[in-house]
>>> print(open('entry11.pdb').read())   # PDB, C-alpha atoms and all ligand atoms
ATOM      1  CA  MET A   1      86.587 113.598 107.000
ATOM      2  CA  GLN A   2      89.839 115.192 105.838
ATOM      3  CA  GLN A   3      88.221 118.630 105.822
ATOM      4  CA  GLU A   4      86.727 118.082 109.274
ATOM      5  CA  SER A   5      90.107 116.987 110.695
ATOM      6  CA  LYS A   6      91.804 119.992 109.116
ATOM      7  CA  ARG A   7      89.225 122.274 110.709
ATOM      8  CA  LEU A   8      89.691 120.612 114.117
ATOM      9  CA  LEU A   9      93.478 120.869 113.922
ATOM     10  CA  GLN A  10      93.314 124.521 112.862
ATOM     11  CA  ALA A  11      91.083 125.171 115.877
ATOM     12  CA  GLY A  12      93.861 123.723 118.063
ATOM     13  CA  LYS A  13      91.960 120.574 119.062
ATOM     14  CA  THR A  14      93.709 117.303 119.870
ATOM     15  CA  ILE A  15      92.230 114.280 118.092
ATOM     16  CA  ALA A  16      91.850 110.830 119.637
ATOM     17  CA  PHE A  17      91.020 108.048 117.186
ATOM     18  CA  VAL A  18      89.582 104.540 117.548
ATOM     19  CA  PRO A  19      89.490 102.444 114.357
ATOM     20  CA  THR A  20      86.918  99.615 114.335
ATOM     21  CA  MET A  21      85.058  97.295 111.992
ATOM     22  CA  GLY A  22      81.743  98.014 113.726
ATOM     23  CA  TRP A  23      79.242  95.679 115.476
ATOM     24  CA  LEU A  24      80.398  97.464 118.584
ATOM     25  CA  HIS A  25      80.653  95.835 122.001
ATOM     26  CA  GLU A  26      82.009  96.760 125.446
ATOM     27  CA  GLY A  27      85.595  96.147 124.245
ATOM     28  CA  HIS A  28      85.241  98.858 121.611
ATOM     29  CA  LEU A  29      83.506 101.137 124.117
ATOM     30  CA  ALA A  30      86.442 100.777 126.560
ATOM     31  CA  LEU A  31      88.756 102.048 123.801
ATOM     32  CA  MET A  32      86.388 104.957 123.160
ATOM     33  CA  ARG A  33      86.213 105.892 126.847
ATOM     34  CA  GLU A  34      90.016 105.965 126.891
ATOM     35  CA  GLY A  35      89.972 108.089 123.737
ATOM     36  CA  ARG A  36      87.441 110.454 125.312
ATOM     37  CA  ARG A  37      89.930 110.984 128.139
ATOM     38  CA  LEU A  38      92.953 111.478 125.871
ATOM     39  CA  GLY A  39      91.739 113.935 123.235
ATOM     40  CA  ASP A  40      89.532 117.013 122.809
ATOM     41  CA  THR A  41      87.744 115.369 119.904
ATOM     42  CA  LEU A  42      87.017 111.653 119.658
ATOM     43  CA  ILE A  43      86.765 110.166 116.183
ATOM     44  CA  VAL A  44      85.752 106.543 115.553
ATOM     45  CA  SER A  45      85.955 104.816 112.192
ATOM     46  CA  ILE A  46      83.673 101.962 111.207
ATOM     47  CA  PHE A  47      85.000 100.200 108.148
ATOM     48  CA  VAL A  48      85.005  96.492 107.351
ATOM     49  CA  ASN A  49      88.259  96.515 105.430
ATOM     50  CA  PRO A  50      88.128  94.018 102.546
ATOM     51  CA  THR A  51      91.914  93.840 102.098
ATOM     52  CA  GLN A  52      92.530  92.245 105.494
ATOM     53  CA  PHE A  53      90.210  89.289 104.826
ATOM     54  CA  GLY A  54      91.390  86.139 103.040
ATOM     55  CA  PRO A  55      89.295  84.645 100.220
ATOM     56  CA  ALA A  56      87.840  81.941 102.510
ATOM     57  CA  GLU A  57      87.155  84.342 105.403
ATOM     58  CA  ASP A  58      84.009  86.087 106.641
ATOM     59  CA  PHE A  59      84.142  89.447 104.823
ATOM     60  CA  GLN A  60      80.711  88.914 103.225
ATOM     61  CA  THR A  61      79.018  87.797 106.441
ATOM     62  CA  TYR A  62      80.726  90.145 108.938
ATOM     63  CA  PRO A  63      77.915  91.539 111.171
ATOM     64  CA  LYS A  64      76.774  95.091 110.422
ATOM     65  CA  ASP A  65      74.272  97.489 111.986
ATOM     66  CA  LEU A  66      75.244 101.139 111.647
ATOM     67  CA  ASP A  67      72.233 102.504 113.584
ATOM     68  CA  ARG A  68      72.992 100.265 116.539
ATOM     69  CA  ASP A  69      76.671 101.296 116.414
ATOM     70  CA  LEU A  70      75.803 105.006 116.224
ATOM     71  CA  ASN A  71      73.672 104.719 119.380
ATOM     72  CA  LEU A  72      76.410 102.891 121.283
ATOM     73  CA  ALA A  73      79.075 105.369 120.145
ATOM     74  CA  ASN A  74      76.812 108.240 121.124
ATOM     75  CA  SER A  75      76.423 106.771 124.627
ATOM     76  CA  VAL A  76      80.181 107.176 125.281
ATOM     77  CA  GLY A  77      80.502 110.659 123.795
ATOM     78  CA  VAL A  78      82.007 110.006 120.365
ATOM     79  CA  ASP A  79      82.160 113.265 118.379
ATOM     80  CA  VAL A  80      82.577 111.985 114.828
ATOM     81  CA  ILE A  81      81.912 108.628 113.176
ATOM     82  CA  PHE A  82      83.788 108.045 109.948
ATOM     83  CA  ALA A  83      82.154 105.204 107.992
ATOM     84  CA  PRO A  84      83.449 105.348 104.425
ATOM     85  CA  GLU A  85      82.216 103.288 101.474
ATOM     86  CA  ILE A  86      84.737 100.769 100.134
ATOM     87  CA  GLY A  87      85.086 102.773  96.900
ATOM     88  CA  ALA A  88      86.130 105.879  98.829
ATOM     89  CA  MET A  89      89.037 103.954 100.365
ATOM     90  CA  TYR A  90      90.132 101.828  97.390
ATOM     91  CA  ASP A  91      89.699 102.709  93.744
ATOM     92  CA  LYS A  92      90.192 100.216  90.919
ATOM     93  CA  ALA A  93      93.845 101.144  90.339
ATOM     94  CA  PHE A  94      94.849 100.895  94.040
ATOM     95  CA  GLN A  95      98.352  99.407  94.320
ATOM     96  CA  THR A  96     100.250 100.815  97.306
ATOM     97  CA  HIS A  97     100.665  98.796 100.508
ATOM     98  CA  VAL A  98     102.374  98.982 103.875
ATOM     99  CA  ASP A  99     104.175  95.756 104.712
ATOM    100  CA  LEU A 100     106.240  94.856 107.760
ATOM    101  CA  GLU A 101     109.097  92.442 107.449
ATOM    102  CA  MET A 102     109.258  90.398 110.647
ATOM    103  CA  LEU A 103     106.272  90.844 112.975
ATOM    104  CA  PRO A 104     103.692  89.354 110.545
ATOM    105  CA  ARG A 105     105.779  86.159 110.275
ATOM    106  CA  HIS A 106     104.349  84.834 113.527
ATOM    107  CA  LEU A 107     101.032  83.844 115.130
ATOM    108  CA  CYS A 108      98.021  84.953 113.045
ATOM    109  CA  GLY A 109     100.249  86.132 110.201
ATOM    110  CA  LEU A 110     101.050  82.489 109.399
ATOM    111  CA  SER A 111      97.460  81.322 109.041
ATOM    112  CA  ARG A 112      96.166  84.599 107.558
ATOM    113  CA  PRO A 113      98.592  85.494 104.760
ATOM    114  CA  GLY A 114      98.249  89.144 103.718
ATOM    115  CA  HIS A 115      96.074  89.982 106.734
ATOM    116  CA  PHE A 116      98.518  92.345 108.414
ATOM    117  CA  ARG A 117      99.460  93.968 105.130
ATOM    118  CA  GLY A 118      95.763  94.830 104.791
ATOM    119  CA  VAL A 119      95.628  96.068 108.389
ATOM    120  CA  ALA A 120      98.813  98.171 108.173
ATOM    121  CA  THR A 121      97.695  99.695 104.880
ATOM    122  CA  VAL A 122      94.188 100.620 105.981
ATOM    123  CA  VAL A 123      95.371 101.974 109.336
ATOM    124  CA  THR A 124      97.940 104.143 107.543
ATOM    125  CA  LYS A 125      95.205 105.465 105.257
ATOM    126  CA  LEU A 126      92.889 106.098 108.221
ATOM    127  CA  PHE A 127      95.690 107.893 110.089
ATOM    128  CA  ASN A 128      96.312 110.102 107.043
ATOM    129  CA  ILE A 129      92.621 110.937 106.749
ATOM    130  CA  VAL A 130      91.840 111.446 110.451
ATOM    131  CA  ARG A 131      95.263 112.853 111.472
ATOM    132  CA  PRO A 132      94.995 111.835 115.140
ATOM    133  CA  HIS A 133      97.360 112.805 117.960
ATOM    134  CA  VAL A 134      96.563 109.544 119.722
ATOM    135  CA  ALA A 135      95.143 106.239 118.488
ATOM    136  CA  ILE A 136      93.704 103.550 120.747
ATOM    137  CA  PHE A 137      93.848  99.796 120.080
ATOM    138  CA  GLY A 138      92.906  96.656 122.045
ATOM    139  CA  GLU A 139      95.423  94.243 123.541
ATOM    140  CA  LYS A 140      93.065  91.463 122.480
ATOM    141  CA  ASP A 141      94.592  91.795 119.013
ATOM    142  CA  TYR A 142      98.082  91.750 120.473
ATOM    143  CA  GLN A 143      99.954  91.160 117.230
ATOM    144  CA  GLN A 144      98.012  93.934 115.517
ATOM    145  CA  LEU A 145      98.904  96.351 118.325
ATOM    146  CA  ALA A 146     102.591  95.355 118.105
ATOM    147  CA  ILE A 147     102.517  95.885 114.337
ATOM    148  CA  ILE A 148     100.846  99.308 114.583
ATOM    149  CA  ARG A 149     103.341 100.434 117.237
ATOM    150  CA  ARG A 150     106.267  99.306 115.056
ATOM    151  CA  MET A 151     104.793 100.857 111.913
ATOM    152  CA  VAL A 152     104.129 104.216 113.604
ATOM    153  CA  HIS A 153     107.711 104.252 114.849
ATOM    154  CA  ASP A 154     109.289 103.066 111.571
ATOM    155  CA  LEU A 155     107.335 105.542 109.434
ATOM    156  CA  SER A 156     107.791 108.446 111.920
ATOM    157  CA  LEU A 157     104.044 108.997 112.049
ATOM    158  CA  ASN A 158     104.128 111.058 115.230
ATOM    159  CA  ILE A 159     101.011 109.437 116.699
ATOM    160  CA  ARG A 160     100.802 108.159 120.257
ATOM    161  CA  VAL A 161      99.579 104.553 120.244
ATOM    162  CA  VAL A 162      97.737 103.452 123.388
ATOM    163  CA  GLY A 163      96.809  99.836 124.200
ATOM    164  CA  VAL A 164      93.768  98.916 126.306
ATOM    165  CA  PRO A 165      93.452  95.596 128.211
ATOM    166  CA  THR A 166      91.044  92.977 126.866
ATOM    167  CA  VAL A 167      87.430  93.362 127.980
ATOM    168  CA  ARG A 168      85.808  90.009 128.796
ATOM    169  CA  GLU A 169      82.379  88.519 129.324
ATOM    170  CA  SER A 170      81.626  87.462 132.931
ATOM    171  CA  ASP A 171      82.819  83.901 132.169
ATOM    172  CA  GLY A 172      86.146  85.162 130.775
ATOM    173  CA  LEU A 173      85.453  84.943 127.035
ATOM    174  CA  ALA A 174      87.155  87.879 125.300
ATOM    175  CA  MET A 175      84.535  90.123 123.729
ATOM    176  CA  SER A 176      84.558  89.991 119.950
ATOM    177  CA  SER A 177      82.174  90.936 117.173
ATOM    178  CA  ARG A 178      82.618  87.360 115.948
ATOM    179  CA  ASN A 179      81.173  85.877 119.180
ATOM    180  CA  THR A 180      77.786  86.550 117.607
ATOM    181  CA  TYR A 181      78.443  83.618 115.216
ATOM    182  CA  LEU A 182      78.652  81.087 118.094
ATOM    183  CA  SER A 183      75.848  78.611 118.860
ATOM    184  CA  GLU A 184      75.072  77.962 122.541
ATOM    185  CA  ASP A 185      77.157  74.803 122.451
ATOM    186  CA  GLU A 186      80.087  76.517 120.751
ATOM    187  CA  ARG A 187      79.842  79.407 123.187
ATOM    188  CA  ARG A 188      80.545  76.935 126.024
ATOM    189  CA  SER A 189      83.549  75.488 124.182
ATOM    190  CA  ALA A 190      84.827  79.021 123.559
ATOM    191  CA  GLN A 191      85.401  79.467 127.308
ATOM    192  CA  SER A 192      88.300  77.040 126.978
ATOM    193  CA  LEU A 193      90.490  79.766 125.423
ATOM    194  CA  PHE A 194      90.391  81.867 128.587
ATOM    195  CA  HIS A 195      90.590  78.802 130.850
ATOM    196  CA  SER A 196      93.707  77.557 129.087
ATOM    197  CA  LEU A 197      95.413  80.951 129.522
ATOM    198  CA  LYS A 198      94.488  80.973 133.229
ATOM    199  CA  GLN A 199      95.780  77.433 133.618
ATOM    200  CA  ALA A 200      99.106  78.392 132.012
ATOM    201  CA  GLN A 201      99.409  81.381 134.363
ATOM    202  CA  GLU A 202      98.775  79.062 137.321
ATOM    203  CA  ASN A 203     101.306  76.560 135.976
ATOM    204  CA  VAL A 204     103.910  79.314 135.748
ATOM    205  CA  ALA A 205     103.094  80.418 139.310
ATOM    206  CA  GLU A 206     103.674  76.784 140.393
ATOM    207  CA  GLY A 207     107.121  76.869 138.852
ATOM    208  CA  ILE A 208     106.693  75.342 135.389
ATOM    209  CA  ARG A 209     108.927  77.166 132.917
ATOM    210  CA  ASP A 210     109.049  74.832 129.926
ATOM    211  CA  ALA A 211     107.064  76.372 127.037
ATOM    212  CA  GLU A 212     106.339  73.016 125.405
ATOM    213  CA  GLU A 213     104.823  71.656 128.611
ATOM    214  CA  LEU A 214     102.686  74.780 129.086
ATOM    215  CA  ILE A 215     101.517  74.622 125.462
ATOM    216  CA  ARG A 216     100.682  70.927 125.803
ATOM    217  CA  GLY A 217      98.580  71.625 128.911
ATOM    218  CA  ALA A 218      96.681  74.429 127.162
ATOM    219  CA  SER A 219      96.144  72.369 123.999
ATOM    220  CA  GLU A 220      94.819  69.417 126.002
ATOM    221  CA  LEU A 221      92.406  71.625 127.912
ATOM    222  CA  ILE A 222      91.070  73.233 124.720
ATOM    223  CA  GLY A 223      91.023  69.923 122.844
ATOM    224  CA  SER A 224      88.818  68.303 125.502
ATOM    225  CA  HIS A 225      85.883  70.471 124.320
ATOM    226  CA  PRO A 226      83.592  69.728 121.380
ATOM    227  CA  HIS A 227      83.628  71.739 118.094
ATOM    228  CA  VAL A 228      87.186  73.055 118.551
ATOM    229  CA  LYS A 229      90.167  72.975 116.218
ATOM    230  CA  ILE A 230      93.381  74.636 117.385
ATOM    231  CA  ASP A 231      95.079  76.899 114.868
ATOM    232  CA  TYR A 232      98.026  77.683 117.158
ATOM    233  CA  VAL A 233      99.030  77.917 120.808
ATOM    234  CA  SER A 234     102.256  79.838 121.110
ATOM    235  CA  ILE A 235     104.508  81.203 123.822
ATOM    236  CA  CYS A 236     106.660  83.991 122.506
ATOM    237  CA  ASP A 237     108.649  87.103 123.207
ATOM    238  CA  PRO A 238     106.178  89.977 123.792
ATOM    239  CA  GLU A 239     108.256  92.347 121.617
ATOM    240  CA  THR A 240     109.480  90.258 118.681
ATOM    241  CA  LEU A 241     106.761  87.541 118.864
ATOM    242  CA  GLU A 242     109.456  84.921 118.336
ATOM    243  CA  ASP A 243     108.859  81.597 120.100
ATOM    244  CA  VAL A 244     110.621  81.088 123.427
ATOM    245  CA  ASP A 245     111.595  77.729 124.967
ATOM    246  CA  ARG A 246     111.248  78.820 128.559
ATOM    247  CA  VAL A 247     109.233  81.402 130.497
ATOM    248  CA  GLU A 248     111.894  83.305 132.362
ATOM    249  CA  GLY A 249     110.911  86.976 132.085
ATOM    250  CA  ALA A 250     107.519  88.034 130.756
ATOM    251  CA  ALA A 251     106.304  85.929 127.827
ATOM    252  CA  LEU A 252     103.180  86.201 125.723
ATOM    253  CA  MET A 253     100.882  83.217 125.423
ATOM    254  CA  ALA A 254      98.764  83.680 122.319
ATOM    255  CA  LEU A 255      96.232  81.334 120.803
ATOM    256  CA  ALA A 256      93.863  81.016 117.902
ATOM    257  CA  VAL A 257      91.144  78.387 117.895
ATOM    258  CA  ARG A 258      88.393  77.585 115.466
ATOM    259  CA  VAL A 259      85.144  76.930 117.355
ATOM    260  CA  GLY A 260      82.765  75.569 114.758
ATOM    261  CA  LYS A 261      83.312  77.915 111.822
ATOM    262  CA  THR A 262      84.353  80.857 114.019
ATOM    263  CA  ARG A 263      88.021  81.696 114.481
ATOM    264  CA  LEU A 264      88.684  83.161 117.950
ATOM    265  CA  ILE A 265      91.907  84.573 119.393
ATOM    266  CA  ASP A 266      93.049  85.425 122.900
ATOM    267  CA  ASN A 267      96.292  86.063 124.752
ATOM    268  CA  ALA A 268      97.803  86.697 128.167
ATOM    269  CA  ILE A 269     101.163  87.574 129.635
ATOM    270  CA  LEU A 270     102.883  84.775 131.563
ATOM    271  CA  LYS A 271     105.296  86.015 134.171
ATOM    272  CA  PRO A 272     107.136  84.200 136.935
ATOM    273  CA  ILE A 273     106.746  85.972 140.260
ATOM    274  CA  ALA A 274     110.124  87.517 141.031
ATOM    275  CA  ASP A 275     111.699  85.946 144.125
TER     276      ASP A 275
HETATM  277  P1  LIG B   1      87.637  95.280 115.434
HETATM  278  O1  LIG B   1      86.345  96.001 115.274
HETATM  279  O2  LIG B   1      87.500  93.831 115.773
HETATM  280  O3  LIG B   1      88.582  95.534 114.277
HETATM  281  O4  LIG B   1      88.347  95.914 116.695
HETATM  282  C1  LIG B   1      88.566  97.300 116.781
HETATM  283  C2  LIG B   1      89.444  97.579 117.974
HETATM  284  O5  LIG B   1      88.810  97.107 119.157
HETATM  285  C3  LIG B   1      90.807  96.879 117.897
HETATM  286  O6  LIG B   1      91.803  97.753 118.389
HETATM  287  C4  LIG B   1      90.613  95.689 118.806
HETATM  288  O7  LIG B   1      91.818  95.221 119.391
HETATM  289  C5  LIG B   1      89.714  96.288 119.872
HETATM  290  N1  LIG B   1      88.996  95.225 120.595
HETATM  291  C6  LIG B   1      88.254  94.236 120.061
HETATM  292  N2  LIG B   1      87.780  93.408 121.030
HETATM  293  C7  LIG B   1      88.255  93.900 122.203
HETATM  294  C8  LIG B   1      88.142  93.497 123.575
HETATM  295  N3  LIG B   1      87.433  92.422 123.935
HETATM  296  N4  LIG B   1      88.765  94.241 124.505
HETATM  297  C9  LIG B   1      89.499  95.325 124.164
HETATM  298  N5  LIG B   1      89.641  95.763 122.894
HETATM  299  C10 LIG B   1      89.036  95.064 121.922
END
>>> encode(input="entry11.pdb", output="structure tokens", more="lines below")
Ligand code: AMP
Amino acid sequence: MQQESKRLLQAGKTIAFVPTMGWLHEGHLALMREGRRLGDTLIVSIFVNPTQFGPAEDFQTYPKDLDRDLNLANSVGVDVIFAPEIGAMYDKAFQTHVDLEMLPRHLCGLSRPGHFRGVATVVTKLFNIVRPHVAIFGEKDYQQLAIIRRMVHDLSLNIRVVGVPTVRESDGLAMSSRNTYLSEDERRSAQSLFHSLKQAQENVAEGIRDAEELIRGASELIGSHPHVKIDYVSICDPETLEDVDRVEGAALMALAVRVGKTRLIDNAILKPIAD
């Protein structure tokens, strides 16, 4: 991959890059279509990165089907798929990490210790291998996108980071490779994530500004469904991810919910209509 990128750069091509963990869906394909538009050459990585999974998480069972992924990637004009073996990314003596100080101390970083260190490290490695001009990430993983933006800036990586809005199923459920774990019953309960975000947006439009009240409403809506266990419902500053008490300017509502054994996340911006 490093040789191929060197060749492309020497030929004067711009490189657009979409990192993924595979089991591709329309959300990934939206990122790829954006990448197709933004670079001469579109490179996609497929790598289930062990260092971003906790010991009790789904690394071993994460869905995989490279042939299926290659066909889907082909259908949107991907030029190169980079799918390294674990050993090519991490050897036994591996010991260097990229760690951010503040942004991982919120939201998913609290319930997934070490997760964002794994993400920041692997994305740095992928950037160094692929050497993209532009990299495309989904807003579905809002905290991840914020962390990558900060990291690229802090480390002067000279890569343009582009965010793409969340792609949803027709009933609102955010597309995710992990949706494949859901039973029919759980799939119905999973709609409550999107519904609770919509409800909070409506509440804000009706004039409610108190974060606690909005969080309570969302938690009650989600909690009224079977098989769910809320990890967090948070309203925070979209830049720093620090909790806010009131929704005055734009605020981020972010949530993580366990539906059965599957941990799902979603988010939306809450914004009072300016009068
Ligand atoms: P993953 O394979 O889950 O690591 O995701 C790879 C990239 O796809 C990340 O930048 C995700 O934010 C993005 N992504 C995942 N699901 C969606 C979605 N429903 N809509 C938009 N982007 C997504």
>>> residues_around(input="entry11.pdb", residues="Gly39 of chain A", least_positions_apart="2", cutoff="7 Å", atoms="only C-alpha atoms", output="tab-separated table (two decimals) with C-alpha atoms, keeping the file's coordinate frame")
chain	number	residue	atom	x	y	z
A	14	THR	CA	93.71	117.30	119.87
A	15	ILE	CA	92.23	114.28	118.09
A	16	ALA	CA	91.85	110.83	119.64
A	35	GLY	CA	89.97	108.09	123.74
A	36	ARG	CA	87.44	110.45	125.31
A	37	ARG	CA	89.93	110.98	128.14
A	41	THR	CA	87.74	115.37	119.90
A	42	LEU	CA	87.02	111.65	119.66
>>> axis_aligned_box(input="entry11.pdb", around="ligand LIG 1 (chain B)", padding_each_side="8 Å", output="JSON")
{"center_x": 89.1, "center_y": 95.1, "center_z": 119.4, "size_x": 21.5, "size_y": 21.3, "size_z": 26.2}
>>> resolve_selection(input="entry11.pdb", expression="the PyMOL selection byres (((chain A and resi 114) around 10) and not hetatm)", output="PDB file with C-alpha atoms, in the frame of the given file")
ATOM      1  CA  THR A  51      91.914  93.840 102.098  1.00  0.00           C
ATOM      2  CA  GLN A  52      92.530  92.245 105.494  1.00  0.00           C
ATOM      3  CA  PHE A  53      90.210  89.289 104.826  1.00  0.00           C
ATOM      4  CA  GLY A  54      91.390  86.139 103.040  1.00  0.00           C
ATOM      5  CA  ASP A  99     104.175  95.756 104.712  1.00  0.00           C
ATOM      6  CA  PRO A 104     103.692  89.354 110.545  1.00  0.00           C
ATOM      7  CA  GLY A 109     100.249  86.132 110.201  1.00  0.00           C
ATOM      8  CA  LEU A 110     101.050  82.489 109.399  1.00  0.00           C
ATOM      9  CA  SER A 111      97.460  81.322 109.041  1.00  0.00           C
ATOM     10  CA  ARG A 112      96.166  84.599 107.558  1.00  0.00           C
ATOM     11  CA  PRO A 113      98.592  85.494 104.760  1.00  0.00           C
ATOM     12  CA  HIS A 115      96.074  89.982 106.734  1.00  0.00           C
ATOM     13  CA  PHE A 116      98.518  92.345 108.414  1.00  0.00           C
ATOM     14  CA  ARG A 117      99.460  93.968 105.130  1.00  0.00           C
ATOM     15  CA  GLY A 118      95.763  94.830 104.791  1.00  0.00           C
ATOM     16  CA  VAL A 119      95.628  96.068 108.389  1.00  0.00           C
TER      17      VAL A 119
END
>>> resolve_selection(input="entry11.pdb", expression="the PyMOL selection byres (((not hetatm)) within 9 of (chain B and resi 1))", output="VMD selection string")
chain A and resid 18 to 31 46 to 49 136 to 142 144 to 145 163 to 169 173 to 178
>>> closest_residue(input="entry11.pdb", among="A:His153, A:Arg160, A:Arg188, A:Lys271", to="Gly207 of chain A", atoms="only C-alpha atoms")
A:Lys271
>>> atom_distance(input="entry11.pdb", atom1="atom CA of Gly87 of chain A", atom2="atom CA of Val122 of chain A")
13.0 Å
>>> closest_atom_pairs(input="entry11.pdb", of="segment 31-139 of chain A", to="segment 232-253 of chain A", cutoff="8 Å", atoms="only C-alpha atoms", output="CSV")
residue,atom,partner,partner_atom,distance
A:Leu103,CA,A:Thr240,CA,6.6
A:His106,CA,A:Leu241,CA,6.5
A:Leu107,CA,A:Tyr232,CA,7.1
